[in-house]
2 protein chains.
Amino acid sequence: MDSLSTASAVLKSQRQRLVRSGTADRVTEILREQIIGGLLPPGTRLSEETIGEALGVSRNTLREAFRLLGHEQLVVHELNRGVFVRVLTADAVTDLYLLRQIIEGSALEIAGRRGDVDLSAVLAAVEAGERAAAEGRWQDLATADLEFHQEIVALARSPRLDQLMRRLLAELRLAFHVMSGSATSSRSFHEPYLKRNRRLVRLLQGKRYAQAAEEMRAYLDDAHAQLIAAFRPGESEAAH
Amino acid sequence: MDSLSTASAVLKSQRQRLVRSGTADRVTEILREQIIGGLLPPGTRLSEETIGEALGVSRNTLREAFRLLGHEQLVVHELNRGVFVRVLTADAVTDLYLLRQIIEGSALEIAGRRGDVDLSAVLAAVEAGERAAAEGRWQDLATADLEFHQEIVALARSPRLDQLMRRLLAELRLAFHVMSGSATSSRSFHEPYLKRNRRLVRLLQGKRYAQAAEEMRAYLDDAHAQLIAAFRPGESEAAH
DNA sequence: GCATATTTGTCCGTATGTATA
DNA sequence: CTATACATACGGACAAATATG
């Protein structure tokens with residue numbers, strides 16, 4: 001009984017350590033949500049004094065959060081000028097989709113090699129998207145679509161691949177906001193992919209991993225082309 | 001501790017390099033080099049006061065650097081306890097090699113699809129390794145070996161893939177230091193791969209990309225197995 | 001081009017909370 | 001349980017760079 005209770009105590013204390021987070025981490029989370037949610041659109045300057053006052057944290061704490069967001073490429077840090085929400089170029093979007101091709105394709109391949117895959121999370125994401133579309137919740141549709149791809153990657157059961165994908169998708173949302181207001185709305189961009197998501201699930205349920213990977217490749221190529229087209233021409237990489 | 005004090009001495013000698021602007025970034029670079037170079041071995045606690053005093057920077061500035069290193073997984077941040085140089089587990093090494101398989105394999109595939117590849121940087125890395133081995137500079141051999149793989153990835157011409165690989169290799173060096181002093185020295189680990197590096201270059205020169213990718217896979221599997229084997233002896237999750 | 005105001009970069013002092021001997 | 005050491009977070013200060021009129 002002693003060993004059991006002490007073990008339980010240790011677990012609790014370790015759980016607490018994992019759960020607890022400092023102010024800087026909380027601020028980072030908040031700002032990240034604001035950025036990927038579009039409330040702080042690309043190009044916005046994040047003033048230390050303004051943001052710090054709004055969140056009720058000191059400048060030092062806020063700067064720690066800025067460093068993290070800069071490392072995630074969500075903001076750019078210009079010396080003595082401040083931090084700005086990142087403005088993606090068309091080249092950056094192309095690079096992001098190259099990474100997605102690699103990551104998502106490899107994840108499917110790895111899942112196929114192992115064989116035993118639990119598709120419940122993937123399926124749940126697809127159905128959440130279908131419900132959102134049926135009820136006209138287009139923002140939720142976009143979230144469910146990205147969640148679908150995150151769960152596809154999760155099939156590989158690699159912590160680092162998961163983290164990499166999470167950061168990639170967060171960065172990609174910056175691209176969605178750059179072209180928000182244009183012809184490409186959240187609905188018209190994500191809705192057509194609902195059927196393809198469902199089809200991918202069926203292929204995976206049938207253990208046709210190679211074909212799923214191939215369709216995913218075409219899927220991402222289409223999405224990439226669509227996104228690039230929404231970027232006005234003449235917007236090639238410019239060294240700032 | 002000896003390693004800590006010698007590292008501290010080196011830190012002091014580099015203090016003059018901190019001239020102007022971007023102090024936090026410079027501190028990050030210095031600490032990163034100390035960590036991947038082994039002067040701050042895994043498990044070392046990085047005291048804010050000690051390190052800050054050695055580098056002549058304030059705790060605020062130092063904390064910004066710690067945040068960045070934490071994001072790169074080179075250190076772990078335990079709330080109210082401080083930051084420690086990361087101690088990799090065997091599982092983490094396996095995950096890192098999974099990522100290497102994906103990244104390096106994909107890079108070769110992408111290079112093959114494009115066709116026009118400039119192998120001069122790859123070749124230079126191989127030859128640097130051969131020179132280092134011939135002259136008994138085993139630390140330089142390790143550096144050249146990692147540089148070889150970095151240049152392989154560079155063939156894909158993707159900024160994000162390059163950055164990802166750079167961070168991955170930095171993290172991997174933590175594994176080398178965990179088993180430093182064991183039977184697996186820098187020489188015995190890296191030297192056998194010189195011939196395989198040379199062989200890979202020849203395959204690429206002959207535009208046999210598919211075969212190069214296949215050999216790279218076997219290559220990395222061998223390295224992974226070798227590294228894991230060196231971990232076995234003292235493999236108990238070090239809980240602080 | 002100049003003078004001024006604003007903002008960032010960095011450091012310091014300090015109060016509080018947390019972990020550990 | 002107490003004491004000590006240290007991380008956390010805040011607020012103030014000043015220099016340096018930048019933006020503004």
# chains A, B, ... in the order shown; residues from 1 in each chain; ligands from 1

$ interface_residues --of "chain D" --to "chain A" --cutoff "7 Å" --atoms "only C-alpha atoms (C1' of nucleotides)" --output "PyMOL selection string"
chain D and resi 10+17-18

$ calpha_fit_and_write --fixed "chain B" --moving "chain A" --output "short mmCIF file (atom, residue, chain, number, x, y, z; two decimals) with C-alpha atoms, in the first residue's frame"
data_model
loop_
_atom_site.label_atom_id
_atom_site.label_comp_id
_atom_site.auth_asym_id
_atom_site.auth_seq_id
_atom_site.Cartn_x
_atom_site.Cartn_y
_atom_site.Cartn_z
CA MET A 1 32.96 58.42 -51.86
CA ASP A 2 30.54 59.58 -49.19
CA SER A 3 27.90 57.04 -50.07
CA LEU A 4 30.53 54.35 -50.21
CA SER A 5 32.03 55.10 -46.84
CA THR A 6 28.68 55.48 -45.13
CA ALA A 7 27.51 52.23 -46.66
CA SER A 8 30.64 50.57 -45.39
CA ALA A 9 30.02 51.98 -41.94
CA VAL A 10 26.49 50.65 -41.94
CA LEU A 11 27.70 47.22 -42.98
CA LYS A 12 30.25 47.18 -40.22
CA SER A 13 27.75 48.16 -37.60
CA GLN A 14 25.34 45.50 -38.83
CA ARG A 15 28.06 42.90 -38.85
CA GLN A 16 28.90 43.79 -35.32
CA ARG A 17 25.30 43.41 -34.35
CA LEU A 18 25.22 39.96 -35.87
CA VAL A 19 28.46 38.86 -34.31
CA ARG A 20 27.85 40.15 -30.85
CA SER A 21 25.95 37.98 -28.49
CA GLY A 22 24.90 38.26 -24.92
CA THR A 23 26.10 36.29 -21.96
CA ALA A 24 23.10 33.99 -21.98
CA ASP A 25 23.81 32.94 -25.56
CA ARG A 26 27.44 32.25 -24.76
CA VAL A 27 26.45 30.19 -21.74
CA THR A 28 24.01 28.28 -23.92
CA GLU A 29 26.76 27.49 -26.40
CA ILE A 30 29.10 26.30 -23.68
CA LEU A 31 26.53 24.05 -22.07
CA ARG A 32 25.42 22.71 -25.43
CA GLU A 33 28.98 21.73 -26.28
CA GLN A 34 29.38 20.06 -22.90
CA ILE A 35 26.19 18.09 -23.36
CA ILE A 36 26.67 16.90 -26.92
CA GLY A 37 30.34 16.28 -26.17
CA GLY A 38 29.38 13.93 -23.36
CA LEU A 39 30.95 15.82 -20.49
CA LEU A 40 27.50 16.30 -19.06
CA PRO A 41 25.99 12.85 -19.66
CA PRO A 42 22.25 12.19 -19.92
CA GLY A 43 20.52 12.27 -16.57
CA THR A 44 22.90 14.79 -15.03
CA ARG A 45 21.21 17.42 -12.95
CA LEU A 46 22.27 20.95 -13.78
CA SER A 47 22.26 22.87 -10.52
CA GLU A 48 21.70 26.58 -10.94
CA GLU A 49 24.09 27.48 -8.18
CA THR A 50 26.86 25.03 -9.15
CA ILE A 51 26.83 25.76 -12.86
CA GLY A 52 26.35 29.48 -12.33
CA GLU A 53 29.30 29.65 -9.99
CA ALA A 54 31.47 27.57 -12.31
CA LEU A 55 30.72 29.81 -15.28
CA GLY A 56 30.72 33.02 -13.32
CA VAL A 57 27.21 34.09 -14.28
CA SER A 58 24.19 34.93 -12.21
CA ARG A 59 21.26 32.59 -11.78
CA ASN A 60 18.99 34.80 -13.87
CA THR A 61 21.33 34.67 -16.83
CA LEU A 62 21.78 30.95 -16.43
CA ARG A 63 18.06 30.35 -16.41
CA GLU A 64 17.74 32.06 -19.78
CA ALA A 65 20.29 29.59 -21.14
CA PHE A 66 18.38 26.67 -19.58
CA ARG A 67 15.21 27.76 -21.34
CA LEU A 68 16.93 27.67 -24.70
CA LEU A 69 18.44 24.25 -24.11
CA GLY A 70 15.05 22.99 -22.99
CA HIS A 71 13.53 24.25 -26.23
CA GLU A 72 16.18 22.30 -28.12
CA GLN A 73 15.21 19.19 -26.15
CA LEU A 74 18.74 18.78 -24.87
CA VAL A 75 17.56 19.18 -21.28
CA VAL A 76 14.25 18.58 -19.58
CA HIS A 77 12.84 21.09 -17.18
CA GLU A 78 11.00 19.69 -14.16
CA LEU A 79 9.14 22.24 -12.15
CA ASN A 80 10.71 23.00 -8.79
CA ARG A 81 13.18 20.20 -9.35
CA GLY A 82 15.57 21.69 -11.85
CA VAL A 83 16.90 20.84 -15.28
CA PHE A 84 18.43 17.52 -16.27
CA VAL A 85 20.33 16.43 -19.34
CA ARG A 86 17.79 14.58 -21.42
CA VAL A 87 17.71 10.78 -21.38
CA LEU A 88 16.43 9.57 -24.74
CA THR A 89 14.12 6.59 -24.93
CA ALA A 90 14.22 4.06 -27.73
CA ASP A 91 11.00 5.56 -29.07
CA ALA A 92 12.61 8.98 -29.18
CA VAL A 93 15.51 7.59 -31.20
CA THR A 94 13.06 6.01 -33.63
CA ASP A 95 11.28 9.33 -33.98
CA LEU A 96 14.56 11.10 -34.60
CA TYR A 97 15.44 8.66 -37.38
CA LEU A 98 12.02 9.11 -38.94
CA LEU A 99 12.77 12.83 -39.12
CA ARG A 100 16.21 12.13 -40.56
CA GLN A 101 14.67 9.97 -43.28
CA ILE A 102 12.33 12.78 -44.19
CA ILE A 103 14.89 15.56 -44.05
CA GLU A 104 17.86 13.91 -45.69
CA GLY A 105 15.77 12.17 -48.32
CA SER A 106 13.97 15.40 -49.18
CA ALA A 107 17.23 17.33 -49.32
CA LEU A 108 18.63 14.95 -51.91
CA GLU A 109 15.42 15.13 -53.89
CA ILE A 110 15.44 18.92 -53.85
CA ALA A 111 19.09 19.04 -54.85
CA GLY A 112 18.31 16.71 -57.73
CA ARG A 113 15.43 18.87 -58.91
CA ARG A 114 17.61 21.95 -59.03
CA GLY A 115 20.52 20.20 -60.68
CA ASP A 116 23.37 22.59 -59.92
CA VAL A 117 24.85 21.31 -56.71
CA ASP A 118 28.16 22.22 -55.14
CA LEU A 119 29.49 19.05 -53.58
CA SER A 120 32.73 20.51 -52.25
CA ALA A 121 31.54 20.74 -48.63
CA VAL A 122 30.12 17.21 -48.72
CA LEU A 123 33.33 15.91 -50.23
CA ALA A 124 35.41 17.73 -47.62
CA ALA A 125 33.43 16.07 -44.83
CA VAL A 126 33.95 12.61 -46.31
CA GLU A 127 37.68 13.16 -46.68
CA ALA A 128 37.95 14.54 -43.15
CA GLY A 129 36.31 11.34 -41.95
CA GLU A 130 38.68 9.19 -43.96
CA ARG A 131 41.70 11.01 -42.58
CA ALA A 132 40.39 10.74 -39.02
CA ALA A 133 39.84 6.99 -39.43
CA ALA A 134 43.27 6.48 -40.95
CA GLU A 135 44.87 8.24 -38.00
CA GLY A 136 42.72 6.57 -35.38
CA ARG A 137 40.97 9.73 -34.24
CA TRP A 138 37.63 8.08 -33.59
CA GLN A 139 35.96 11.04 -32.00
CA ASP A 140 36.83 13.17 -35.01
CA LEU A 141 35.46 10.39 -37.20
CA ALA A 142 32.10 10.70 -35.49
CA THR A 143 32.14 14.48 -35.89
CA ALA A 144 33.01 14.19 -39.58
CA ASP A 145 30.24 11.65 -40.12
CA LEU A 146 27.64 13.98 -38.66
CA GLU A 147 29.13 16.87 -40.61
CA PHE A 148 28.67 14.83 -43.78
CA HIS A 149 24.96 14.49 -43.13
CA GLN A 150 24.67 18.16 -42.24
CA GLU A 151 26.24 19.07 -45.57
CA ILE A 152 23.93 16.71 -47.41
CA VAL A 153 21.02 18.67 -46.01
CA ALA A 154 22.75 21.94 -46.88
CA LEU A 155 22.46 20.96 -50.55
CA ALA A 156 18.80 21.95 -50.35
CA ARG A 157 19.86 25.52 -49.50
CA SER A 158 17.13 26.02 -46.93
CA PRO A 159 18.05 27.93 -43.76
CA ARG A 160 15.26 26.31 -41.77
CA LEU A 161 16.13 22.83 -42.94
CA ASP A 162 19.74 23.45 -41.95
CA GLN A 163 18.76 24.60 -38.51
CA LEU A 164 16.36 21.72 -38.07
CA MET A 165 19.05 19.22 -39.01
CA ARG A 166 21.58 20.83 -36.70
CA ARG A 167 19.23 20.53 -33.73
CA LEU A 168 18.30 17.00 -34.69
CA LEU A 169 21.89 15.84 -34.78
CA ALA A 170 22.63 17.52 -31.47
CA GLU A 171 19.74 15.64 -29.93
CA LEU A 172 20.87 12.42 -31.53
CA ARG A 173 24.22 12.68 -29.83
CA LEU A 174 22.40 12.14 -26.57
CA ALA A 175 21.60 8.65 -27.85
CA PHE A 176 25.26 7.95 -28.57
CA HIS A 177 26.14 8.82 -25.00
CA VAL A 178 23.42 6.65 -23.54
CA MET A 179 25.07 3.62 -25.07
CA SER A 180 28.64 4.75 -24.61
CA GLY A 181 30.67 2.08 -22.88
CA SER A 182 28.55 -0.60 -24.49
CA ALA A 183 29.76 -2.69 -27.41
CA THR A 184 28.90 0.12 -29.79
CA SER A 185 31.86 2.44 -29.69
CA SER A 186 32.35 5.50 -31.77
CA ARG A 187 34.64 3.51 -34.05
CA SER A 188 32.49 0.47 -34.66
CA PHE A 189 29.41 2.60 -35.17
CA HIS A 190 30.77 5.19 -37.56
CA GLU A 191 33.62 3.46 -39.39
CA PRO A 192 31.49 1.16 -41.57
CA TYR A 193 29.63 4.18 -42.90
CA LEU A 194 32.75 5.76 -44.34
CA LYS A 195 32.52 3.65 -47.47
CA ARG A 196 28.82 4.36 -47.81
CA ASN A 197 29.44 8.09 -47.46
CA ARG A 198 32.03 7.89 -50.22
CA ARG A 199 29.63 5.91 -52.37
CA LEU A 200 26.91 8.49 -51.86
CA VAL A 201 29.26 11.24 -53.00
CA ARG A 202 30.05 9.30 -56.16
CA LEU A 203 26.37 8.86 -56.89
CA LEU A 204 25.80 12.57 -56.43
CA GLN A 205 28.76 13.42 -58.65
CA GLY A 206 27.15 11.22 -61.28
CA LYS A 207 23.89 13.11 -60.77
CA ARG A 208 22.09 9.92 -59.77
CA TYR A 209 20.03 11.65 -57.12
CA ALA A 210 17.15 9.20 -57.00
CA GLN A 211 19.48 6.31 -56.35
CA ALA A 212 21.38 8.34 -53.79
CA ALA A 213 18.13 9.03 -51.95
CA GLU A 214 17.28 5.35 -52.01
CA GLU A 215 20.65 4.33 -50.62
CA MET A 216 20.40 6.99 -47.98
CA ARG A 217 17.13 5.49 -46.86
CA ALA A 218 18.69 2.04 -46.45
CA TYR A 219 21.72 3.66 -44.81
CA LEU A 220 19.60 5.36 -42.16
CA ASP A 221 17.49 2.28 -41.58
CA ASP A 222 20.63 0.30 -40.82
CA ALA A 223 21.99 2.96 -38.48
CA HIS A 224 18.66 3.16 -36.72
CA ALA A 225 18.46 -0.60 -36.21
CA GLN A 226 22.00 -0.67 -34.91
CA LEU A 227 21.29 2.10 -32.45
CA ILE A 228 18.06 0.59 -31.21
CA ALA A 229 19.74 -2.76 -30.70
CA ALA A 230 22.25 -1.06 -28.43
CA PHE A 231 19.38 0.12 -26.25
CA ARG A 232 18.59 -2.65 -23.81
CA PRO A 233 15.25 -4.35 -24.40
CA GLY A 234 12.42 -3.37 -22.08
CA GLU A 235 13.31 0.25 -22.52
CA SER A 236 10.11 1.31 -24.24
CA GLU A 237 8.50 4.67 -23.83
CA ALA A 238 7.55 5.31 -20.23
CA ALA A 239 5.51 8.36 -19.26
CA HIS A 240 7.49 9.97 -16.46
#

$ interface_residues --of "chain C" --to "chain B" --cutoff "10 Å" --atoms "only C-alpha atoms (C1' of nucleotides)" --output "list in words"
DG9, DT10, DC11, DC12, DG17, DT18 and DA19 of chain C

$ write_last_selection --atoms "N, CA and C atoms (P, O5', C5', C4', C3', O3' and C1' of nucleotides)" --output "short mmCIF file (atom, residue, chain, number, x, y, z; two decimals), in the first residue's frame"
data_model
loop_
_atom_site.label_atom_id
_atom_site.label_comp_id
_atom_site.auth_asym_id
_atom_site.auth_seq_id
_atom_site.Cartn_x
_atom_site.Cartn_y
_atom_site.Cartn_z
P DG C 9 13.83 44.67 -30.27
"O5'" DG C 9 15.04 45.13 -29.33
"C5'" DG C 9 16.16 45.75 -29.93
"C4'" DG C 9 17.27 45.90 -28.91
"C3'" DG C 9 17.54 44.64 -28.08
"O3'" DG C 9 18.94 44.44 -27.96
"C1'" DG C 9 17.04 46.45 -26.65
P DT C 10 19.46 43.03 -27.32
"O5'" DT C 10 19.75 43.42 -25.81
"C5'" DT C 10 20.62 44.51 -25.53
"C4'" DT C 10 20.49 44.94 -24.10
"C3'" DT C 10 20.56 43.81 -23.07
"O3'" DT C 10 21.88 43.76 -22.54
"C1'" DT C 10 19.04 45.56 -22.47
P DC C 11 22.25 42.67 -21.40
"O5'" DC C 11 21.98 43.50 -20.05
"C5'" DC C 11 22.57 44.79 -19.91
"C4'" DC C 11 21.99 45.47 -18.69
"C3'" DC C 11 22.03 44.61 -17.42
"O3'" DC C 11 22.88 45.22 -16.45
"C1'" DC C 11 19.92 45.68 -17.69
P DC C 12 23.26 44.44 -15.13
"O5'" DC C 12 22.21 45.02 -14.06
"C5'" DC C 12 22.12 46.42 -13.88
"C4'" DC C 12 20.94 46.74 -12.98
"C3'" DC C 12 20.86 45.89 -11.71
"O3'" DC C 12 21.01 46.73 -10.58
"C1'" DC C 12 18.74 46.05 -12.81
P DG C 17 3.01 34.57 -3.45
"O5'" DG C 17 3.53 33.30 -4.27
"C5'" DG C 17 3.43 33.31 -5.69
"C4'" DG C 17 4.30 32.20 -6.27
"C3'" DG C 17 4.08 30.83 -5.62
"O3'" DG C 17 3.99 29.85 -6.64
"C1'" DG C 17 6.38 31.42 -5.51
P DT C 18 3.35 28.43 -6.36
"O5'" DT C 18 4.57 27.44 -6.52
"C5'" DT C 18 5.42 27.57 -7.66
"C4'" DT C 18 6.74 26.88 -7.40
"C3'" DT C 18 6.62 25.55 -6.67
"O3'" DT C 18 6.96 24.49 -7.56
"C1'" DT C 18 8.44 26.87 -5.85
P DA C 19 6.94 22.96 -7.12
"O5'" DA C 19 8.49 22.69 -6.82
"C5'" DA C 19 9.44 23.02 -7.82
"C4'" DA C 19 10.85 22.78 -7.29
"C3'" DA C 19 11.07 21.40 -6.66
"O3'" DA C 19 12.33 20.89 -7.08
"C1'" DA C 19 11.60 23.09 -5.10
#

$ select_by_dssp --residues "stretch 55-224 of chain A" --states "strand (DSSP E or B)" --output "list of chain:residue names"
A:Val75, A:Val76, A:His77, A:Glu78, A:Gly82, A:Val83, A:Phe84, A:Val85

$ write_last_selection --atoms "N, CA and C atoms" --output "PDB file, in the first residue's frame"
ATOM      1  N   VAL A  75       5.594  34.952 -36.759  1.00  0.00           N
ATOM      2  CA  VAL A  75       5.914  36.377 -36.784  1.00  0.00           C
ATOM      3  C   VAL A  75       7.358  36.539 -37.240  1.00  0.00           C
ATOM      4  N   VAL A  76       7.660  37.703 -37.758  1.00  0.00           N
ATOM      5  CA  VAL A  76       9.044  38.009 -38.109  1.00  0.00           C
ATOM      6  C   VAL A  76       9.548  39.114 -37.171  1.00  0.00           C
ATOM      7  N   HIS A  77      10.783  38.945 -36.785  1.00  0.00           N
ATOM      8  CA  HIS A  77      11.376  39.852 -35.820  1.00  0.00           C
ATOM      9  C   HIS A  77      12.355  40.766 -36.552  1.00  0.00           C
ATOM     10  N   GLU A  78      12.072  42.046 -36.596  1.00  0.00           N
ATOM     11  CA  GLU A  78      12.996  42.980 -37.241  1.00  0.00           C
ATOM     12  C   GLU A  78      13.653  43.837 -36.165  1.00  0.00           C
ATOM     13  N   GLY A  82      10.600  45.830 -34.190  1.00  0.00           N
ATOM     14  CA  GLY A  82       9.498  45.105 -33.574  1.00  0.00           C
ATOM     15  C   GLY A  82       9.151  43.818 -34.287  1.00  0.00           C
ATOM     16  N   VAL A  83       8.069  43.193 -33.872  1.00  0.00           N
ATOM     17  CA  VAL A  83       7.632  41.945 -34.491  1.00  0.00           C
ATOM     18  C   VAL A  83       6.352  42.196 -35.276  1.00  0.00           C
ATOM     19  N   PHE A  84       6.239  41.497 -36.392  1.00  0.00           N
ATOM     20  CA  PHE A  84       5.088  41.643 -37.284  1.00  0.00           C
ATOM     21  C   PHE A  84       4.545  40.263 -37.608  1.00  0.00           C
ATOM     22  N   VAL A  85       3.241  40.172 -37.743  1.00  0.00           N
ATOM     23  CA  VAL A  85       2.654  38.914 -38.189  1.00  0.00           C
ATOM     24  C   VAL A  85       3.164  38.646 -39.598  1.00  0.00           C
TER      25      VAL A  85
END

$ select_by_dssp --residues "stretch 27-85 of chain A" --states "helix (DSSP H, G or I)" --output "number ranges by chain"
A: 27-36, 48-55, 59-71

$ write_last_selection --atoms "C-alpha atoms" --output "PDB file, in the first residue's frame"
ATOM      1  CA  VAL A  27       0.724  34.361 -23.767  1.00  0.00           C
ATOM      2  CA  THR A  28       2.256  32.450 -26.662  1.00  0.00           C
ATOM      3  CA  GLU A  29      -0.842  30.285 -26.928  1.00  0.00           C
ATOM      4  CA  ILE A  30      -3.140  33.277 -26.891  1.00  0.00           C
ATOM      5  CA  LEU A  31      -1.218  35.147 -29.548  1.00  0.00           C
ATOM      6  CA  ARG A  32      -0.902  32.036 -31.677  1.00  0.00           C
ATOM      7  CA  GLU A  33      -4.654  31.540 -31.619  1.00  0.00           C
ATOM      8  CA  GLN A  34      -5.204  35.179 -32.525  1.00  0.00           C
ATOM      9  CA  ILE A  35      -2.805  34.936 -35.436  1.00  0.00           C
ATOM     10  CA  ILE A  36      -3.971  31.667 -36.963  1.00  0.00           C
ATOM     11  CA  GLU A  48       5.229  45.409 -26.944  1.00  0.00           C
ATOM     12  CA  GLU A  49       3.499  48.070 -24.922  1.00  0.00           C
ATOM     13  CA  THR A  50       0.052  47.680 -26.500  1.00  0.00           C
ATOM     14  CA  ILE A  51      -0.075  43.904 -26.412  1.00  0.00           C
ATOM     15  CA  GLY A  52       1.544  43.737 -22.992  1.00  0.00           C
ATOM     16  CA  GLU A  53      -0.972  46.136 -21.544  1.00  0.00           C
ATOM     17  CA  ALA A  54      -3.883  44.334 -23.181  1.00  0.00           C
ATOM     18  CA  LEU A  55      -2.800  40.978 -21.780  1.00  0.00           C
ATOM     19  CA  ARG A  59       7.361  43.485 -21.573  1.00  0.00           C
ATOM     20  CA  ASN A  60       9.970  40.929 -20.541  1.00  0.00           C
ATOM     21  CA  THR A  61       7.412  38.152 -20.391  1.00  0.00           C
ATOM     22  CA  LEU A  62       5.909  39.228 -23.681  1.00  0.00           C
ATOM     23  CA  ARG A  63       9.264  39.185 -25.402  1.00  0.00           C
ATOM     24  CA  GLU A  64       9.743  35.550 -24.425  1.00  0.00           C
ATOM     25  CA  ALA A  65       6.458  34.780 -26.151  1.00  0.00           C
ATOM     26  CA  PHE A  66       7.544  36.742 -29.238  1.00  0.00           C
ATOM     27  CA  ARG A  67      10.705  34.678 -29.480  1.00  0.00           C
ATOM     28  CA  LEU A  68       8.708  31.464 -29.559  1.00  0.00           C
ATOM     29  CA  LEU A  69       6.318  32.734 -32.205  1.00  0.00           C
ATOM     30  CA  GLY A  70       9.270  33.898 -34.267  1.00  0.00           C
ATOM     31  CA  HIS A  71      10.762  30.423 -34.066  1.00  0.00           C
TER      32      HIS A  71
END

$ closest_residue --among "C:DG1, C:DT7, C:DT20, C:DA15" --to "D:DC6" --atoms "only C-alpha atoms (C1' of nucleotides)"
C:DT20

$ atom_distance --atom1 "atom C1' of D:DG11" --atom2 "atom C1' of C:DT6"
19.3 Å
